[in-house]
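*Asks:* Have a peek at start-v7.txt (compact mmCIF, C-alpha atoms).
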# COMPACT_ATOMS: atom_id res chain seq x y z
CA MET A 1 38.05 107.17 -45.20
CA ALA A 2 36.46 109.77 -47.45
CA ASP A 3 33.43 111.59 -46.08
CA PHE A 4 30.62 111.13 -48.60
CA ARG A 5 28.14 113.33 -46.78
CA THR A 6 26.99 116.55 -48.45
CA PRO A 7 27.78 119.86 -46.72
CA LEU A 8 24.05 120.11 -45.90
CA GLY A 9 24.11 116.62 -44.41
CA ARG A 10 27.06 117.58 -42.23
CA VAL A 11 25.29 120.72 -41.00
CA TYR A 12 22.16 118.74 -40.10
CA GLY A 13 24.40 116.44 -38.05
CA LEU A 14 21.60 113.93 -37.59
CA GLY A 15 23.88 110.89 -37.66
CA SER A 16 22.52 107.41 -37.30
CA ALA A 17 18.91 106.76 -36.34
CA LYS A 18 20.17 103.72 -34.37
CA ASP A 19 17.68 101.63 -36.27
CA GLY A 20 20.13 100.08 -38.72
CA THR A 21 18.85 97.00 -40.49
CA GLY A 22 15.74 96.50 -38.32
CA HIS A 23 13.27 97.49 -41.03
CA PHE A 24 15.13 95.44 -43.67
CA ILE A 25 15.04 92.29 -41.53
CA ARG A 26 11.35 92.68 -40.58
CA GLN A 27 10.51 93.08 -44.27
CA ARG A 28 12.37 89.85 -45.18
CA VAL A 29 11.01 87.79 -42.28
CA SER A 30 7.42 88.79 -43.10
CA ALA A 31 8.22 88.06 -46.78
CA VAL A 32 9.19 84.47 -45.92
CA ALA A 33 5.97 84.11 -43.91
CA MET A 34 3.95 85.52 -46.82
CA ALA A 35 5.64 83.22 -49.35
CA VAL A 36 4.31 80.20 -47.43
CA LEU A 37 0.91 81.68 -46.54
CA ALA A 38 0.27 83.04 -50.06
CA ILE A 39 0.47 79.51 -51.50
CA TRP A 40 -2.11 78.34 -48.96
CA PHE A 41 -4.25 81.42 -49.70
CA VAL A 42 -4.33 80.92 -53.48
CA VAL A 43 -5.15 77.21 -53.14
CA ALA A 44 -7.90 78.06 -50.61
CA MET A 45 -9.38 80.79 -52.82
CA ILE A 46 -9.44 78.42 -55.82
CA GLY A 47 -11.46 76.00 -53.70
CA LEU A 48 -13.83 78.76 -52.58
CA ALA A 49 -14.35 80.40 -55.99
CA GLY A 50 -18.06 81.10 -56.39
CA ALA A 51 -18.94 79.83 -52.89
CA GLY A 52 -22.08 81.23 -51.28
CA HIS A 53 -22.35 82.62 -47.74
CA ALA A 54 -23.21 79.29 -46.08
CA GLU A 55 -20.35 77.42 -47.75
CA ALA A 56 -17.80 80.18 -47.11
CA THR A 57 -18.67 80.60 -43.41
CA ALA A 58 -18.67 76.85 -42.86
CA TRP A 59 -15.21 76.77 -44.41
CA LEU A 60 -13.88 79.66 -42.28
CA ALA A 61 -15.45 78.24 -39.12
CA ARG A 62 -13.05 75.29 -39.21
CA PRO A 63 -9.90 75.96 -37.14
CA VAL A 64 -7.74 74.43 -39.89
CA ASN A 65 -8.84 77.34 -42.14
CA ALA A 66 -9.40 80.12 -39.58
CA ILE A 67 -5.89 79.87 -38.09
CA PRO A 68 -3.96 80.19 -41.38
CA MET A 69 -6.36 82.95 -42.46
CA LEU A 70 -5.56 84.88 -39.25
CA LEU A 71 -1.83 84.38 -39.82
CA LEU A 72 -2.14 85.44 -43.47
CA VAL A 73 -4.06 88.61 -42.65
CA ILE A 74 -1.61 89.65 -39.91
CA ALA A 75 1.50 88.89 -42.01
CA ALA A 76 0.02 90.56 -45.10
CA PHE A 77 -0.90 93.85 -43.39
CA TYR A 78 2.44 93.92 -41.55
CA HIS A 79 4.37 93.29 -44.78
CA ALA A 80 2.22 95.83 -46.66
CA ARG A 81 2.77 98.46 -43.95
CA LEU A 82 6.57 98.04 -44.21
CA GLY A 83 6.58 98.03 -48.02
CA LEU A 84 4.29 101.03 -48.44
CA GLN A 85 6.43 102.93 -45.92
CA VAL A 86 9.53 102.51 -48.11
CA VAL A 87 7.63 103.48 -51.28
CA ILE A 88 6.33 106.66 -49.60
CA GLU A 89 9.75 107.54 -48.17
CA ASP A 90 11.33 107.14 -51.63
CA TYR A 91 8.84 109.13 -53.71
CA VAL A 92 7.14 111.67 -51.42
CA HIS A 93 9.56 114.44 -50.53
CA GLY A 94 7.43 117.11 -48.84
CA GLU A 95 7.75 116.56 -45.10
CA ALA A 96 4.08 117.26 -44.31
CA ALA A 97 2.77 115.09 -47.15
CA LYS A 98 5.20 112.29 -46.31
CA MET A 99 4.33 112.22 -42.61
CA SER A 100 0.58 112.42 -43.35
CA LEU A 101 0.76 109.55 -45.84
CA LEU A 102 2.87 107.41 -43.49
CA MET A 103 0.31 107.93 -40.72
CA LEU A 104 -2.56 107.22 -43.12
CA VAL A 105 -0.90 103.95 -44.18
CA THR A 106 -0.30 102.98 -40.56
CA PHE A 107 -3.92 103.69 -39.58
CA ALA A 108 -5.32 102.01 -42.70
CA THR A 109 -3.29 98.81 -42.29
CA PHE A 110 -4.09 98.60 -38.57
CA GLY A 111 -7.76 99.43 -39.15
CA LEU A 112 -8.30 96.98 -41.99
CA GLY A 113 -6.20 94.35 -40.21
CA VAL A 114 -8.33 94.59 -37.08
CA ALA A 115 -11.50 94.41 -39.21
CA CYS A 116 -10.20 91.18 -40.79
CA VAL A 117 -9.14 89.60 -37.48
CA PHE A 118 -12.47 90.49 -35.86
CA SER A 119 -14.46 89.11 -38.78
CA ILE A 120 -12.51 85.84 -38.89
CA LEU A 121 -12.95 85.36 -35.13
CA LYS A 122 -16.67 86.17 -35.31
CA VAL A 123 -17.25 83.56 -38.00
CA ALA A 124 -14.89 81.01 -36.45
CA LEU A 125 -16.26 81.35 -32.92
CA GLY A 126 -19.83 81.41 -34.23
CA ALA A 127 -20.87 84.54 -32.32
CA MET B 128 30.12 117.29 -63.82
CA ALA B 129 29.77 119.93 -61.12
CA ASN B 130 26.78 119.80 -58.87
CA ALA B 131 25.36 123.33 -58.83
CA LYS B 132 23.52 122.81 -55.56
CA THR B 133 26.35 121.58 -53.35
CA GLY B 134 29.40 122.90 -55.25
CA THR B 135 31.05 119.47 -55.04
CA ASP B 136 32.15 117.54 -58.11
CA ARG B 137 30.47 114.27 -57.20
CA PRO B 138 28.86 112.75 -60.32
CA LEU B 139 25.15 113.13 -60.99
CA SER B 140 23.31 110.01 -62.07
CA PRO B 141 21.62 110.27 -65.48
CA HIS B 142 17.90 110.88 -65.49
CA LEU B 143 15.60 107.88 -65.67
CA GLN B 144 14.01 108.89 -68.99
CA ILE B 145 17.38 108.59 -70.78
CA TYR B 146 17.65 104.91 -69.97
CA ARG B 147 16.38 102.21 -72.30
CA PRO B 148 14.18 99.82 -70.25
CA GLN B 149 16.45 97.11 -68.88
CA LEU B 150 15.97 93.60 -67.58
CA SER B 151 17.38 94.85 -64.26
CA SER B 152 15.32 97.99 -63.68
CA MET B 153 11.94 96.93 -65.10
CA PRO B 154 11.39 93.88 -62.84
CA SER B 155 12.50 96.04 -59.90
CA ILE B 156 9.91 98.77 -60.40
CA THR B 157 7.31 96.14 -61.28
CA HIS B 158 7.99 94.52 -57.91
CA ARG B 159 7.07 97.80 -56.22
CA ILE B 160 4.01 98.39 -58.39
CA THR B 161 2.69 94.85 -57.78
CA GLY B 162 3.43 95.27 -54.06
CA VAL B 163 1.29 98.40 -53.92
CA ALA B 164 -1.40 96.65 -56.00
CA ASN B 165 -1.42 93.70 -53.59
CA ALA B 166 -1.76 96.12 -50.66
CA VAL B 167 -4.81 97.65 -52.37
CA GLY B 168 -6.09 94.10 -52.92
CA LEU B 169 -6.11 93.65 -49.14
CA ILE B 170 -9.06 96.08 -49.10
CA LEU B 171 -11.00 93.53 -51.18
CA LEU B 172 -9.98 90.71 -48.83
CA THR B 173 -11.18 92.84 -45.90
CA TRP B 174 -14.51 93.53 -47.63
CA TRP B 175 -14.92 89.79 -48.29
CA LEU B 176 -14.16 88.78 -44.67
CA VAL B 177 -16.25 91.56 -43.07
CA ALA B 178 -19.17 90.67 -45.39
CA MET B 179 -18.83 87.03 -44.37
CA ALA B 180 -19.13 88.04 -40.70
CA THR B 181 -22.00 90.44 -41.43
CA GLY B 182 -24.39 88.08 -43.18
CA ALA B 183 -25.66 86.53 -46.40
CA GLY B 184 -26.89 89.81 -47.88
CA ALA B 185 -23.55 91.59 -47.52
CA PHE B 186 -21.71 88.51 -48.77
CA ASP B 187 -23.93 88.26 -51.87
CA ALA B 188 -23.01 91.87 -52.71
CA VAL B 189 -19.29 90.99 -52.69
CA GLN B 190 -19.89 87.87 -54.78
CA TRP B 191 -21.99 89.90 -57.22
CA PHE B 192 -19.13 92.39 -57.63
CA LEU B 193 -16.48 89.68 -58.02
CA ASP B 194 -18.63 87.94 -60.61
CA SER B 195 -19.06 91.14 -62.69
CA ILE B 196 -16.79 91.88 -65.66
CA LEU B 197 -14.96 94.59 -63.69
CA GLY B 198 -14.59 92.29 -60.68
CA ARG B 199 -13.19 89.48 -62.82
CA ILE B 200 -10.70 91.79 -64.53
CA MET B 201 -9.56 93.08 -61.12
CA LEU B 202 -9.24 89.54 -59.73
CA PHE B 203 -7.25 88.47 -62.79
CA GLY B 204 -4.93 91.48 -62.35
CA TRP B 205 -4.47 90.73 -58.67
CA THR B 206 -3.74 87.09 -59.41
CA TRP B 207 -0.90 88.13 -61.69
CA ALA B 208 0.34 90.84 -59.25
CA LEU B 209 0.43 88.27 -56.43
CA CYS B 210 2.19 85.63 -58.59
CA TYR B 211 4.75 88.16 -59.82
CA HIS B 212 5.45 89.61 -56.36
CA PHE B 213 5.68 86.06 -54.95
CA LEU B 214 8.21 84.86 -57.57
CA ASN B 215 10.25 88.07 -57.69
CA GLY B 216 10.17 88.18 -53.88
CA ILE B 217 11.82 84.76 -53.82
CA ARG B 218 14.38 86.17 -56.29
CA HIS B 219 15.04 88.99 -53.83
CA LEU B 220 15.44 86.56 -50.93
CA VAL B 221 18.00 84.57 -52.97
CA TRP B 222 19.90 87.84 -53.56
CA ASP B 223 19.70 88.61 -49.83
CA ALA B 224 21.35 85.25 -49.21
CA GLY B 225 24.19 86.41 -51.47
CA HIS B 226 23.52 84.44 -54.66
CA GLY B 227 22.64 85.20 -58.28
CA PHE B 228 24.25 88.60 -58.82
CA GLU B 229 26.07 87.73 -62.08
CA VAL B 230 24.53 89.62 -65.00
CA GLU B 231 23.66 86.44 -66.95
CA THR B 232 22.15 84.79 -63.84
CA MET B 233 20.22 87.95 -63.00
CA GLU B 234 18.80 88.25 -66.52
CA ARG B 235 17.89 84.56 -66.62
CA SER B 236 16.10 84.77 -63.25
CA ALA B 237 14.28 87.92 -64.44
CA LYS B 238 12.96 86.03 -67.48
CA MET B 239 11.99 83.07 -65.29
CA VAL B 240 10.02 85.38 -62.98
CA ILE B 241 8.22 87.13 -65.86
CA GLY B 242 7.39 83.86 -67.63
CA GLY B 243 6.57 82.06 -64.40
CA SER B 244 4.16 84.76 -63.25
CA VAL B 245 2.18 84.47 -66.49
CA VAL B 246 2.15 80.66 -66.36
CA LEU B 247 1.09 80.61 -62.68
CA THR B 248 -1.68 83.15 -63.29
CA LEU B 249 -3.10 81.19 -66.22
CA LEU B 250 -2.76 77.95 -64.24
CA VAL B 251 -4.80 79.38 -61.35
CA TRP B 252 -7.60 80.55 -63.67
CA ILE B 253 -7.63 77.31 -65.65
CA VAL B 254 -7.94 75.31 -62.41
CA VAL B 255 -10.77 77.63 -61.24
CA ALA B 256 -12.55 77.13 -64.57
CA ILE B 257 -12.23 73.33 -64.35
CA VAL B 258 -13.04 72.83 -60.64
Turn the structure described in the file into structure tokens.
*Replies:*
Amino acid sequence: MADFRTPLGRVYGLGSAKDGTGHFIRQRVSAVAMAVLAIWFVVAMIGLAGAGHAEATAWLARPVNAIPMLLLVIAAFYHARLGLQVVIEDYVHGEAAKMSLLMLVTFATFGLGVACVFSILKVALGA
Amino acid sequence: MANAKTGTDRPLSPHLQIYRPQLSSMPSITHRITGVANAVGLILLTWWLVAMATGAGAFDAVQWFLDSILGRIMLFGWTWALCYHFLNGIRHLVWDAGHGFEVETMERSAKMVIGGSVVLTLLVWIVVAIV
């Protein structure tokens, strides 16, 4: 079979990262989860449009709403983290800028995700 | 065409600007753009949830912003971005399952996604206006 690597690629000799299709599969699985959860989310947000603090917290305090909201937030930030990673890897070519942005996206998605989970639990558990 | 950098004669792909916008490439880049937009939208969702946990004052600030002209325009944009990414994402999952690669099928599904995203977006806002 013909070797399609560039001479530079051959010199680097990095070979396979042994990661294969892992990222691809995680992206699709979280996409399927999001497809279901996004429908719930849009319907829920339509119902809550214009709701005040009392109405919104009463809504989120119910387990039937808090649980899907937790699932949505986790799936959304996970899916966003994977998607933004690919976009950065495709368009940012400087190694320092790429690594910095990837780290920033990782920290931002984890940070915001934790803020969401904490807030949902605080309202739901009535602390 | 010789590649000056590597000295091999592997073909170079034409530059993007030369291409006329196509029903294959445009939905693809739009999927990425709406994906990034939805990720940015998660900041708004975070603000909304954190404000809900913080108290009525913080929550009123979010509602005031969402009710402003700018807030409504942003929400409308995010509604469309979410609808588009949802529908085109399903299109991608169908491709991943190995179906729909014929050019006519692909162009028909592209039109369905574009039209469907507009219809869904308007539907959501009409329902919000009625309810």
*Asks:* For the atom pair CA of Leu176 in chain B and CA of Val86 in chain A, what is the interatomic distance in Å to one decimal place?
*Replies:*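 Going from CA of Leu176 in chain B over to CA of Val86 in chain A, I get 27.6 Å.
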*Asks:* For Ile39 in chain A, work out the shell of residues within 12 Å, counting all atoms listed in the file and skipping chain neighbours fewer than 2 positions away, then give it as a PyMOL selection string.
*Replies:* (chain A and resi 32-37+41-46+68-69+72) or (chain B and resi 206+209-210+213-214+247+251)
*Asks:* Would you list the contacts of Ala58 in chain A as a ChimeraX atom specification, taking every protein, DNA or RNA residue within 10 Å and counting only C-alpha atoms, but skipping same-chain residues closer than 3 positions in sequence?
*Replies:* /A:53-55,61-62,65,123-124,126
*Asks:* May I ask you to extract the residues of chain B within 9 Å of chain A, using only C-alpha atoms, and to give them as a PDB file with C-alpha atoms, keeping the file's coordinate frame?
*Replies:*
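So out-v7.pdb came out as:
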ATOM      1  CA  THR B 133      26.350 121.580 -53.350  1.00  0.00           C
ATOM      2  CA  THR B 135      31.050 119.470 -55.040  1.00  0.00           C
ATOM      3  CA  ARG B 159       7.070  97.800 -56.220  1.00  0.00           C
ATOM      4  CA  GLY B 162       3.430  95.270 -54.060  1.00  0.00           C
ATOM      5  CA  VAL B 163       1.290  98.400 -53.920  1.00  0.00           C
ATOM      6  CA  ASN B 165      -1.420  93.700 -53.590  1.00  0.00           C
ATOM      7  CA  ALA B 166      -1.760  96.120 -50.660  1.00  0.00           C
ATOM      8  CA  LEU B 169      -6.110  93.650 -49.140  1.00  0.00           C
ATOM      9  CA  ILE B 170      -9.060  96.080 -49.100  1.00  0.00           C
ATOM     10  CA  LEU B 172      -9.980  90.710 -48.830  1.00  0.00           C
ATOM     11  CA  THR B 173     -11.180  92.840 -45.900  1.00  0.00           C
ATOM     12  CA  TRP B 174     -14.510  93.530 -47.630  1.00  0.00           C
ATOM     13  CA  TRP B 175     -14.920  89.790 -48.290  1.00  0.00           C
ATOM     14  CA  LEU B 176     -14.160  88.780 -44.670  1.00  0.00           C
ATOM     15  CA  VAL B 177     -16.250  91.560 -43.070  1.00  0.00           C
ATOM     16  CA  ALA B 178     -19.170  90.670 -45.390  1.00  0.00           C
ATOM     17  CA  MET B 179     -18.830  87.030 -44.370  1.00  0.00           C
ATOM     18  CA  ALA B 180     -19.130  88.040 -40.700  1.00  0.00           C
ATOM     19  CA  THR B 181     -22.000  90.440 -41.430  1.00  0.00           C
ATOM     20  CA  GLY B 182     -24.390  88.080 -43.180  1.00  0.00           C
ATOM     21  CA  ALA B 183     -25.660  86.530 -46.400  1.00  0.00           C
ATOM     22  CA  GLY B 184     -26.890  89.810 -47.880  1.00  0.00           C
ATOM     23  CA  PHE B 186     -21.710  88.510 -48.770  1.00  0.00           C
ATOM     24  CA  ASP B 187     -23.930  88.260 -51.870  1.00  0.00           C
ATOM     25  CA  GLN B 190     -19.890  87.870 -54.780  1.00  0.00           C
ATOM     26  CA  LEU B 193     -16.480  89.680 -58.020  1.00  0.00           C
ATOM     27  CA  ASP B 194     -18.630  87.940 -60.610  1.00  0.00           C
ATOM     28  CA  THR B 206      -3.740  87.090 -59.410  1.00  0.00           C
ATOM     29  CA  LEU B 209       0.430  88.270 -56.430  1.00  0.00           C
ATOM     30  CA  PHE B 213       5.680  86.060 -54.950  1.00  0.00           C
ATOM     31  CA  LEU B 214       8.210  84.860 -57.570  1.00  0.00           C
ATOM     32  CA  GLY B 216      10.170  88.180 -53.880  1.00  0.00           C
ATOM     33  CA  ILE B 217      11.820  84.760 -53.820  1.00  0.00           C
ATOM     34  CA  LEU B 220      15.440  86.560 -50.930  1.00  0.00           C
ATOM     35  CA  ASP B 223      19.700  88.610 -49.830  1.00  0.00           C
ATOM     36  CA  VAL B 251      -4.800  79.380 -61.350  1.00  0.00           C
ATOM     37  CA  TRP B 252      -7.600  80.550 -63.670  1.00  0.00           C
ATOM     38  CA  VAL B 254      -7.940  75.310 -62.410  1.00  0.00           C
ATOM     39  CA  VAL B 255     -10.770  77.630 -61.240  1.00  0.00           C
ATOM     40  CA  VAL B 258     -13.040  72.830 -60.640  1.00  0.00           C
TER      41      VAL B 258
END
*Asks:* One decimal, in Å: what's the spacing between CA of Ile160 in chain B and CA of Gly94 in chain A?
*Replies:*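 Atom-to-atom, CA of Ile160 in chain B and CA of Gly94 in chain A are spaced 21.3 Å apart.
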*Asks:* Using all atoms listed in the file, which of the listed residues (A:Val105, A:Leu70, A:Leu82, A:Ala97) sits closest to Phe24 in chain A?
*Replies:*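 Between A:Val105, A:Leu70, A:Leu82, A:Ala97, the residue approaching Phe24 in chain A most closely is A:Leu82.
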*Asks:* Of the residues B:Arg147, B:Arg218, B:Trp207, B:Val189, which is the one nearest to Val246 in chain B, using all atoms listed in the file?
*Replies:*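 Ranking B:Arg147, B:Arg218, B:Trp207, B:Val189 by distance to Val246 in chain B, first place goes to B:Trp207.
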*Asks:* In Å to one decimal, how far is CA of Gly15 in chain A from CA of Ala2 in chain A?
*Replies:*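 Atom-to-atom, CA of Ala2 in chain A to CA of Gly15 in chain A, that is 16.0 Å.
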*Asks:* Using all atoms listed in the file, which residues sit within 10 Å of Ser155 in chain B once same-chain residues fewer than 5 positions away are excluded, as a list in words?
*Replies:*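 With the cut-off at 10 Å, the set is Gln149, Leu150, Ile160, Asn215, His219 and Ala237 of chain B.
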*Asks:* Select, from B:Gly225, B:Ala256, B:His158, B:Ala188, the residue with the minimum atom-to-atom distance to Ser244 in chain B, counting all atoms listed in the file.
*Replies:*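 Closest to Ser244 in chain B, using all atoms listed in the file: B:His158.
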*Asks:* Counting all atoms listed in the file, which of A:Phe110, A:Tyr78, A:Tyr91, A:Trp59 gets nearest to Arg26 in chain A?
*Replies:* A:Tyr78
*Asks:* Of the residues A:Arg5, A:Ala66, A:Tyr12, A:Ala75, which is the one nearest to Gln27 in chain A, using all atoms listed in the file?
*Replies:* A:Ala75
